[in-house]
Amino acid sequence: MTNANNCNENKAPSVKPLYFLADNKNKESTTGLLSSLPAELLAISLVDYADWGELARLACVKKSWSNLMKEAAATTGSSEWSLAQALMEGTNGLQVNHTLSLQLLHKLSGVVIQRSKKNVNVEEEDNENEEEDAFTYKIITDNPFTPAMKKLGECYLQQSNSNTEEGLAWLKAAYELGNDLEAAYELGSIYEGGKYNLAPDIYKATEWYKKAAIGGHINGMAEYALCCELGCGCDPNDEEALEWYMKAAQKGHVTAKFSVGEAFEEARGVPQSDSEACLWYYKAAMEGDDGSIAALRRLHDIARIVVPGVTNMLGE
């Protein structure tokens with residue numbers, strides 16, 4: 001597995017020495033008090049009430065405490081997840097350590113991704129076969145942890161040493177193994193925008209937006225509706241576009257509300273109705289959508305009839 005850049009290879013977090021109190025007399029008194037507690041009770045207390053930075057500093061104080069961070073992380077999966085994020089982001093008193101964070105994330109994910117080659121027929125004059133990278137998933141635990149898969153995908157994508165395909169594979173695993181709709185939506189965005197040095201692929205983008213939409217992801221619904229409206233990555237279909245705009249609008253997507261109003265005004269996938277258009281424009285305008293406010297001004301004579309109070313909202 002490729003390690004992340006700018007990481008301290010397998011080193012414990014670098015932290016400052018811990019000083020319990022200002023003077024030596026009180027230090028000795030405090031140390032004696034701590035030493036008088038049963039070792040197991042003391043370790044449990046420290047793990048329960050100290051943050052990661054404090055545990056890292058305490059690990060430097062006493063040999064028997066050297067594994068405090070590992071013991072704390074091992075208590076629950078959520079503890080390991082918390083530590084992995086702290087190491088990745090340099091929070092909770094810890095320095096950034098991508099290598100240790102990735103190790104924890106791989107353990108938490110409960111999945112091994114294996115790279116293989118598959119033959120892809122290339123239609124060229126010589127009609128030779130070209131090899132393309134493919135990935136397979138192997139679940140190695142009873143409780144795969146989807147957030148760790150998604151985080152691994154994001155980490156590898158953000159590296160500068162060509163881990164794009166592996167990053168995409170982890171995002172796909174998060175969706176396919178854990179139904180992570182945000183991962184599906186993120187894949188659509190990556191393929192649409194040609195991020196991370198990929199060539200834009202609107203067909204793959206539409207495929208992943210549709211997966212997110214079907215699962216109930218509000219932005220996925222709006223993006224897939226736009227694909228249907230414009231015929232990007234699929235055949236243009238006003239009825240299907242309106243269906244998904246309506247679903248997104250009903251979940252509160254402001255731009256989708258404007259698009260539903262526009263569909264009624266322009267008779268796209270639905271019989272023309274300026275009155276219905278004004279109702280939808282008003283819903284979006286109430287949330288500050290400039291396009292909807294402009295539309296209500298344009299349809300003012302109808303809007304003032306079907307939407308009481310619209311004149312006051314428009315400041316007229």
# chains A, B, ... in the order shown; residues from 1 in each chain; ligands from 1
$ residues_around --residues "Val310 of chain A" --least-positions-apart "5" --cutoff "10 Å" --atoms "only C-alpha atoms" --output "ChimeraX atom specification"
/A:278,282,285-286,293,296-297,300,303-305,315-316
$ write_last_selection --atoms "N, CA and C atoms" --output "PDB file, in the first residue's frame"
ATOM      1  N   CYS A 278     -45.340  30.183 -10.730  1.00  0.00           N
ATOM      2  CA  CYS A 278     -45.195  31.225  -9.705  1.00  0.00           C
ATOM      3  C   CYS A 278     -45.143  30.628  -8.302  1.00  0.00           C
ATOM      4  N   TYR A 282     -41.961  31.137  -6.028  1.00  0.00           N
ATOM      5  CA  TYR A 282     -42.125  31.786  -4.721  1.00  0.00           C
ATOM      6  C   TYR A 282     -41.425  30.979  -3.616  1.00  0.00           C
ATOM      7  N   ALA A 285     -37.818  31.670  -4.016  1.00  0.00           N
ATOM      8  CA  ALA A 285     -37.520  33.076  -3.727  1.00  0.00           C
ATOM      9  C   ALA A 285     -37.506  33.339  -2.229  1.00  0.00           C
ATOM     10  N   MET A 286     -38.360  32.632  -1.488  1.00  0.00           N
ATOM     11  CA  MET A 286     -38.399  32.785  -0.043  1.00  0.00           C
ATOM     12  C   MET A 286     -37.075  32.358   0.605  1.00  0.00           C
ATOM     13  N   ILE A 293     -36.636  35.131  -7.889  1.00  0.00           N
ATOM     14  CA  ILE A 293     -37.102  36.502  -7.647  1.00  0.00           C
ATOM     15  C   ILE A 293     -37.283  37.229  -8.972  1.00  0.00           C
ATOM     16  N   LEU A 296     -40.449  35.987 -10.678  1.00  0.00           N
ATOM     17  CA  LEU A 296     -41.673  36.546 -10.081  1.00  0.00           C
ATOM     18  C   LEU A 296     -41.902  37.981 -10.534  1.00  0.00           C
ATOM     19  N   ARG A 297     -40.846  38.732 -10.712  1.00  0.00           N
ATOM     20  CA  ARG A 297     -40.997  40.100 -11.238  1.00  0.00           C
ATOM     21  C   ARG A 297     -41.516  40.050 -12.680  1.00  0.00           C
ATOM     22  N   HIS A 300     -45.219  39.139 -12.696  1.00  0.00           N
ATOM     23  CA  HIS A 300     -45.808  39.839 -11.552  1.00  0.00           C
ATOM     24  C   HIS A 300     -47.337  39.832 -11.579  1.00  0.00           C
ATOM     25  N   ALA A 303     -48.376  36.429 -10.492  1.00  0.00           N
ATOM     26  CA  ALA A 303     -47.844  36.109  -9.171  1.00  0.00           C
ATOM     27  C   ALA A 303     -48.633  36.808  -8.070  1.00  0.00           C
ATOM     28  N   ARG A 304     -49.040  38.060  -8.287  1.00  0.00           N
ATOM     29  CA  ARG A 304     -49.749  38.804  -7.224  1.00  0.00           C
ATOM     30  C   ARG A 304     -51.146  38.240  -6.971  1.00  0.00           C
ATOM     31  N   ILE A 305     -51.644  37.445  -7.939  1.00  0.00           N
ATOM     32  CA  ILE A 305     -52.957  36.816  -7.772  1.00  0.00           C
ATOM     33  C   ILE A 305     -52.825  35.477  -7.051  1.00  0.00           C
ATOM     34  N   GLY A 315     -40.709  43.943  -2.544  1.00  0.00           N
ATOM     35  CA  GLY A 315     -40.435  45.339  -2.189  1.00  0.00           C
ATOM     36  C   GLY A 315     -41.106  46.323  -3.125  1.00  0.00           C
ATOM     37  N   GLU A 316     -42.276  45.955  -3.638  1.00  0.00           N
ATOM     38  CA  GLU A 316     -42.973  46.848  -4.587  1.00  0.00           C
ATOM     39  C   GLU A 316     -44.175  47.500  -3.919  1.00  0.00           C
TER      40      GLU A 316
END
$ select_by_dssp --residues "segment 67-288 of chain A" --states "helix (DSSP H, G or I)" --output "PyMOL selection string"
chain A and resi 68-74+77-89+98-109+146-158+164-178+181-193+202-215+218-230+238-250+254-266+274-285
$ closest_atom_pairs --of "segment 213-241 of chain A" --to "segment 184-201 of chain A" --cutoff "12 Å" --atoms "only C-alpha atoms" --output "tab-separated table"
residue	atom	partner	partner_atom	distance
A:Ala213	CA	A:Tyr185	CA	8.3
A:Ile214	CA	A:Ala184	CA	10.7
A:Gly215	CA	A:Ala184	CA	9.5
A:Gly216	CA	A:Tyr185	CA	10.8
A:His217	CA	A:Tyr185	CA	7.7
A:Ile218	CA	A:Tyr185	CA	9.7
A:Asn219	CA	A:Tyr185	CA	7.7
A:Gly220	CA	A:Tyr185	CA	5.8
A:Met221	CA	A:Tyr185	CA	9.5
A:Ala222	CA	A:Tyr185	CA	10.9
A:Glu223	CA	A:Gly188	CA	9.0
A:Tyr224	CA	A:Gly188	CA	9.5
A:Cys227	CA	A:Glu192	CA	10.7
A:Cys232	CA	A:Glu192	CA	10.0
A:Gly233	CA	A:Asp201	CA	8.4
$ residues_around --residues "Gly291 of chain A" --least-positions-apart "2" --cutoff "10 Å" --atoms "only C-alpha atoms" --output "list in words"
Thr255, Phe258, Ser259, Glu262, Tyr281, Ala284, Ala285, Gly288, Asp289, Ile293, Ala294, Ala295 and Leu296 of chain A
$ residues_around --residues "Ile140 of chain A" --least-positions-apart "4" --cutoff "8 Å" --atoms "only C-alpha atoms" --output "list in words"
Gly110, Val111, Val112 and Pro144 of chain A
$ closest_residue --among "A:Val307, A:Cys228, A:Thr146, A:Glu287" --to "Gly269 of chain A" --atoms "only C-alpha atoms"
A:Cys228
$ closest_residue --among "A:Leu230, A:Ser292, A:Glu89, A:Ser109" --to "Ile202 of chain A" --atoms "only C-alpha atoms"
A:Leu230
$ closest_residue --among "A:Leu242, A:Leu177, A:Cys234, A:Leu87" --to "Lys257 of chain A" --atoms "only C-alpha atoms"
A:Leu242
$ atom_distance --atom1 "atom CA of Glu265 of chain A" --atom2 "atom CA of Leu299 of chain A"
9.8 Å
$ residues_around --residues "Gly53 of chain A" --least-positions-apart "3" --cutoff "6 Å" --atoms "only C-alpha atoms" --output "list in words"
Ala56, Asn92, Gly93 and Leu94 of chain A
$ write_last_selection --atoms "N, CA and C atoms" --output "mmCIF file, in the first residue's frame"
data_model
loop_
_atom_site.group_PDB
_atom_site.id
_atom_site.type_symbol
_atom_site.label_atom_id
_atom_site.label_comp_id
_atom_site.auth_asym_id
_atom_site.auth_seq_id
_atom_site.Cartn_x
_atom_site.Cartn_y
_atom_site.Cartn_z
ATOM 1 N N ALA A 56 -0.749 11.086 24.633
ATOM 2 C CA ALA A 56 0.561 11.007 23.995
ATOM 3 C C ALA A 56 1.647 11.551 24.914
ATOM 4 N N ASN A 92 -6.650 17.652 18.333
ATOM 5 C CA ASN A 92 -6.655 17.015 19.661
ATOM 6 C C ASN A 92 -5.258 16.859 20.247
ATOM 7 N N GLY A 93 -4.409 17.839 19.982
ATOM 8 C CA GLY A 93 -3.086 17.840 20.581
ATOM 9 C C GLY A 93 -2.059 16.970 19.884
ATOM 10 N N LEU A 94 -2.377 16.426 18.703
ATOM 11 C CA LEU A 94 -1.451 15.556 17.983
ATOM 12 C C LEU A 94 -0.919 16.247 16.729
#
$ closest_residue --among "A:Leu314, A:Ala212, A:Val96, A:Ala84" --to "Lys151 of chain A" --atoms "only C-alpha atoms"
A:Ala84
$ closest_residue --among "A:Ala183, A:Leu108, A:Ala225, A:Leu83" --to "Asn143 of chain A" --atoms "only C-alpha atoms"
A:Leu108
$ atom_distance --atom1 "atom CA of Asn97 of chain A" --atom2 "atom CA of Glu182 of chain A"
25.7 Å
$ closest_residue --among "A:Glu54, A:Ser101, A:Ala174, A:Ala241" --to "Ser82 of chain A" --atoms "only C-alpha atoms"
A:Ser101
$ atom_distance --atom1 "atom CA of Glu240 of chain A" --atom2 "atom CA of Ala169 of chain A"
29.7 Å
$ decode --residues "segment 112-227 of chain A" --atoms "C-alpha atoms" --output "PDB file, in the first residue's frame"
ATOM      1  CA  VAL A 112      -8.661  -5.226   1.406  1.00  0.00           C
ATOM      2  CA  ILE A 113      -8.599  -3.803  -2.112  1.00  0.00           C
ATOM      3  CA  GLN A 114      -6.553  -5.789  -4.600  1.00  0.00           C
ATOM      4  CA  ARG A 115      -5.353  -4.484  -7.930  1.00  0.00           C
ATOM      5  CA  SER A 116      -5.606  -6.709 -10.973  1.00  0.00           C
ATOM      6  CA  LYS A 117      -5.424  -6.362 -14.728  1.00  0.00           C
ATOM      7  CA  LYS A 118      -8.211  -6.912 -17.203  1.00  0.00           C
ATOM      8  CA  ASN A 119      -8.036  -6.919 -20.972  1.00  0.00           C
ATOM      9  CA  VAL A 120      -9.886  -4.184 -22.805  1.00  0.00           C
ATOM     10  CA  ASN A 121     -10.359  -4.495 -26.544  1.00  0.00           C
ATOM     11  CA  VAL A 122      -9.096  -1.386 -28.299  1.00  0.00           C
ATOM     12  CA  GLU A 123     -10.469  -0.734 -31.765  1.00  0.00           C
ATOM     13  CA  GLU A 124      -7.330   0.274 -33.561  1.00  0.00           C
ATOM     14  CA  GLU A 125      -5.724  -0.849 -36.794  1.00  0.00           C
ATOM     15  CA  ASP A 126      -3.775  -3.604 -35.062  1.00  0.00           C
ATOM     16  CA  ASN A 127      -6.814  -4.462 -32.864  1.00  0.00           C
ATOM     17  CA  GLU A 128      -4.563  -5.305 -29.943  1.00  0.00           C
ATOM     18  CA  ASN A 129      -5.788  -5.789 -26.401  1.00  0.00           C
ATOM     19  CA  GLU A 130      -4.902  -3.180 -23.818  1.00  0.00           C
ATOM     20  CA  GLU A 131      -4.585  -3.889 -20.089  1.00  0.00           C
ATOM     21  CA  GLU A 132      -6.564  -1.717 -17.681  1.00  0.00           C
ATOM     22  CA  ASP A 133      -6.334  -1.555 -13.897  1.00  0.00           C
ATOM     23  CA  ALA A 134      -9.237  -3.178 -12.042  1.00  0.00           C
ATOM     24  CA  PHE A 135      -9.871  -3.590  -8.323  1.00  0.00           C
ATOM     25  CA  THR A 136     -11.541  -6.307  -6.320  1.00  0.00           C
ATOM     26  CA  TYR A 137     -12.735  -6.103  -2.714  1.00  0.00           C
ATOM     27  CA  LYS A 138     -12.140  -8.670  -0.012  1.00  0.00           C
ATOM     28  CA  ILE A 139     -14.029  -8.237   3.261  1.00  0.00           C
ATOM     29  CA  ILE A 140     -11.876  -9.378   6.185  1.00  0.00           C
ATOM     30  CA  THR A 141     -14.135  -8.547   9.133  1.00  0.00           C
ATOM     31  CA  ASP A 142     -17.743  -8.988  10.184  1.00  0.00           C
ATOM     32  CA  ASN A 143     -18.195  -5.238  10.551  1.00  0.00           C
ATOM     33  CA  PRO A 144     -16.744  -3.274   7.613  1.00  0.00           C
ATOM     34  CA  PHE A 145     -16.639   0.441   8.459  1.00  0.00           C
ATOM     35  CA  THR A 146     -17.852   2.542   5.532  1.00  0.00           C
ATOM     36  CA  PRO A 147     -16.634   5.979   6.763  1.00  0.00           C
ATOM     37  CA  ALA A 148     -13.077   4.620   6.884  1.00  0.00           C
ATOM     38  CA  MET A 149     -13.381   3.431   3.266  1.00  0.00           C
ATOM     39  CA  LYS A 150     -14.580   6.852   2.133  1.00  0.00           C
ATOM     40  CA  LYS A 151     -11.836   8.599   4.100  1.00  0.00           C
ATOM     41  CA  LEU A 152      -9.207   6.328   2.524  1.00  0.00           C
ATOM     42  CA  GLY A 153     -10.543   7.240  -0.904  1.00  0.00           C
ATOM     43  CA  GLU A 154     -10.284  10.948  -0.168  1.00  0.00           C
ATOM     44  CA  CYS A 155      -6.776  10.566   1.283  1.00  0.00           C
ATOM     45  CA  TYR A 156      -5.403   8.704  -1.731  1.00  0.00           C
ATOM     46  CA  LEU A 157      -7.046  11.128  -4.173  1.00  0.00           C
ATOM     47  CA  GLN A 158      -5.416  14.086  -2.438  1.00  0.00           C
ATOM     48  CA  GLN A 159      -1.941  12.605  -2.705  1.00  0.00           C
ATOM     49  CA  SER A 160       0.330  13.864  -5.452  1.00  0.00           C
ATOM     50  CA  ASN A 161       1.922  10.528  -6.334  1.00  0.00           C
ATOM     51  CA  SER A 162      -0.653   9.062  -8.720  1.00  0.00           C
ATOM     52  CA  ASN A 163      -2.986   7.217  -6.347  1.00  0.00           C
ATOM     53  CA  THR A 164      -6.082   8.388  -8.228  1.00  0.00           C
ATOM     54  CA  GLU A 165      -7.284   4.930  -9.278  1.00  0.00           C
ATOM     55  CA  GLU A 166      -6.857   3.547  -5.771  1.00  0.00           C
ATOM     56  CA  GLY A 167      -8.698   6.527  -4.339  1.00  0.00           C
ATOM     57  CA  LEU A 168     -11.585   5.984  -6.741  1.00  0.00           C
ATOM     58  CA  ALA A 169     -11.626   2.285  -5.831  1.00  0.00           C
ATOM     59  CA  TRP A 170     -12.053   3.109  -2.135  1.00  0.00           C
ATOM     60  CA  LEU A 171     -14.902   5.537  -2.860  1.00  0.00           C
ATOM     61  CA  LYS A 172     -16.597   2.871  -4.976  1.00  0.00           C
ATOM     62  CA  ALA A 173     -16.123   0.357  -2.159  1.00  0.00           C
ATOM     63  CA  ALA A 174     -17.768   2.785   0.269  1.00  0.00           C
ATOM     64  CA  TYR A 175     -20.836   2.899  -1.962  1.00  0.00           C
ATOM     65  CA  GLU A 176     -20.957  -0.713  -3.128  1.00  0.00           C
ATOM     66  CA  LEU A 177     -20.198  -2.294   0.251  1.00  0.00           C
ATOM     67  CA  GLY A 178     -21.686   0.326   2.568  1.00  0.00           C
ATOM     68  CA  ASN A 179     -24.243   2.224   0.464  1.00  0.00           C
ATOM     69  CA  ASP A 180     -22.454   5.522   1.128  1.00  0.00           C
ATOM     70  CA  LEU A 181     -24.481   7.922  -1.027  1.00  0.00           C
ATOM     71  CA  GLU A 182     -22.083  10.809  -0.431  1.00  0.00           C
ATOM     72  CA  ALA A 183     -19.299   8.667  -1.935  1.00  0.00           C
ATOM     73  CA  ALA A 184     -21.457   8.017  -5.018  1.00  0.00           C
ATOM     74  CA  TYR A 185     -22.187  11.721  -5.390  1.00  0.00           C
ATOM     75  CA  GLU A 186     -18.505  12.558  -4.939  1.00  0.00           C
ATOM     76  CA  LEU A 187     -17.592  10.102  -7.709  1.00  0.00           C
ATOM     77  CA  GLY A 188     -20.083  11.815 -10.017  1.00  0.00           C
ATOM     78  CA  SER A 189     -18.522  15.180  -9.237  1.00  0.00           C
ATOM     79  CA  ILE A 190     -15.002  13.840  -9.853  1.00  0.00           C
ATOM     80  CA  TYR A 191     -15.876  12.370 -13.246  1.00  0.00           C
ATOM     81  CA  GLU A 192     -17.887  15.427 -14.298  1.00  0.00           C
ATOM     82  CA  GLY A 193     -15.182  17.920 -13.409  1.00  0.00           C
ATOM     83  CA  GLY A 194     -12.203  15.835 -14.471  1.00  0.00           C
ATOM     84  CA  LYS A 195     -10.647  16.217 -11.034  1.00  0.00           C
ATOM     85  CA  TYR A 196      -7.351  14.669  -9.893  1.00  0.00           C
ATOM     86  CA  ASN A 197      -5.930  14.675 -13.442  1.00  0.00           C
ATOM     87  CA  LEU A 198      -8.736  12.528 -14.836  1.00  0.00           C
ATOM     88  CA  ALA A 199     -10.286  13.297 -18.201  1.00  0.00           C
ATOM     89  CA  PRO A 200     -13.908  14.450 -17.780  1.00  0.00           C
ATOM     90  CA  ASP A 201     -16.345  11.588 -18.360  1.00  0.00           C
ATOM     91  CA  ILE A 202     -19.949  12.768 -18.370  1.00  0.00           C
ATOM     92  CA  TYR A 203     -21.283   9.229 -18.879  1.00  0.00           C
ATOM     93  CA  LYS A 204     -19.635   7.948 -15.706  1.00  0.00           C
ATOM     94  CA  ALA A 205     -20.649  11.151 -13.909  1.00  0.00           C
ATOM     95  CA  THR A 206     -24.295  10.610 -14.850  1.00  0.00           C
ATOM     96  CA  GLU A 207     -24.093   6.955 -13.805  1.00  0.00           C
ATOM     97  CA  TRP A 208     -22.879   7.876 -10.323  1.00  0.00           C
ATOM     98  CA  TYR A 209     -25.262  10.811  -9.925  1.00  0.00           C
ATOM     99  CA  LYS A 210     -28.115   8.418 -10.738  1.00  0.00           C
ATOM    100  CA  LYS A 211     -26.919   5.934  -8.106  1.00  0.00           C
ATOM    101  CA  ALA A 212     -26.842   8.744  -5.522  1.00  0.00           C
ATOM    102  CA  ALA A 213     -30.264  10.012  -6.642  1.00  0.00           C
ATOM    103  CA  ILE A 214     -31.927   6.605  -6.412  1.00  0.00           C
ATOM    104  CA  GLY A 215     -30.552   6.258  -2.902  1.00  0.00           C
ATOM    105  CA  GLY A 216     -32.121   9.574  -1.851  1.00  0.00           C
ATOM    106  CA  HIS A 217     -29.124  11.933  -1.984  1.00  0.00           C
ATOM    107  CA  ILE A 218     -30.649  15.390  -2.488  1.00  0.00           C
ATOM    108  CA  ASN A 219     -27.800  16.879  -4.522  1.00  0.00           C
ATOM    109  CA  GLY A 220     -27.538  13.665  -6.513  1.00  0.00           C
ATOM    110  CA  MET A 221     -31.216  14.047  -7.415  1.00  0.00           C
ATOM    111  CA  ALA A 222     -30.709  17.614  -8.626  1.00  0.00           C
ATOM    112  CA  GLU A 223     -27.589  16.745 -10.626  1.00  0.00           C
ATOM    113  CA  TYR A 224     -29.168  13.714 -12.257  1.00  0.00           C
ATOM    114  CA  ALA A 225     -32.234  15.805 -13.118  1.00  0.00           C
ATOM    115  CA  LEU A 226     -29.961  18.320 -14.846  1.00  0.00           C
ATOM    116  CA  CYS A 227     -28.315  15.480 -16.805  1.00  0.00           C
TER     117      CYS A 227
END
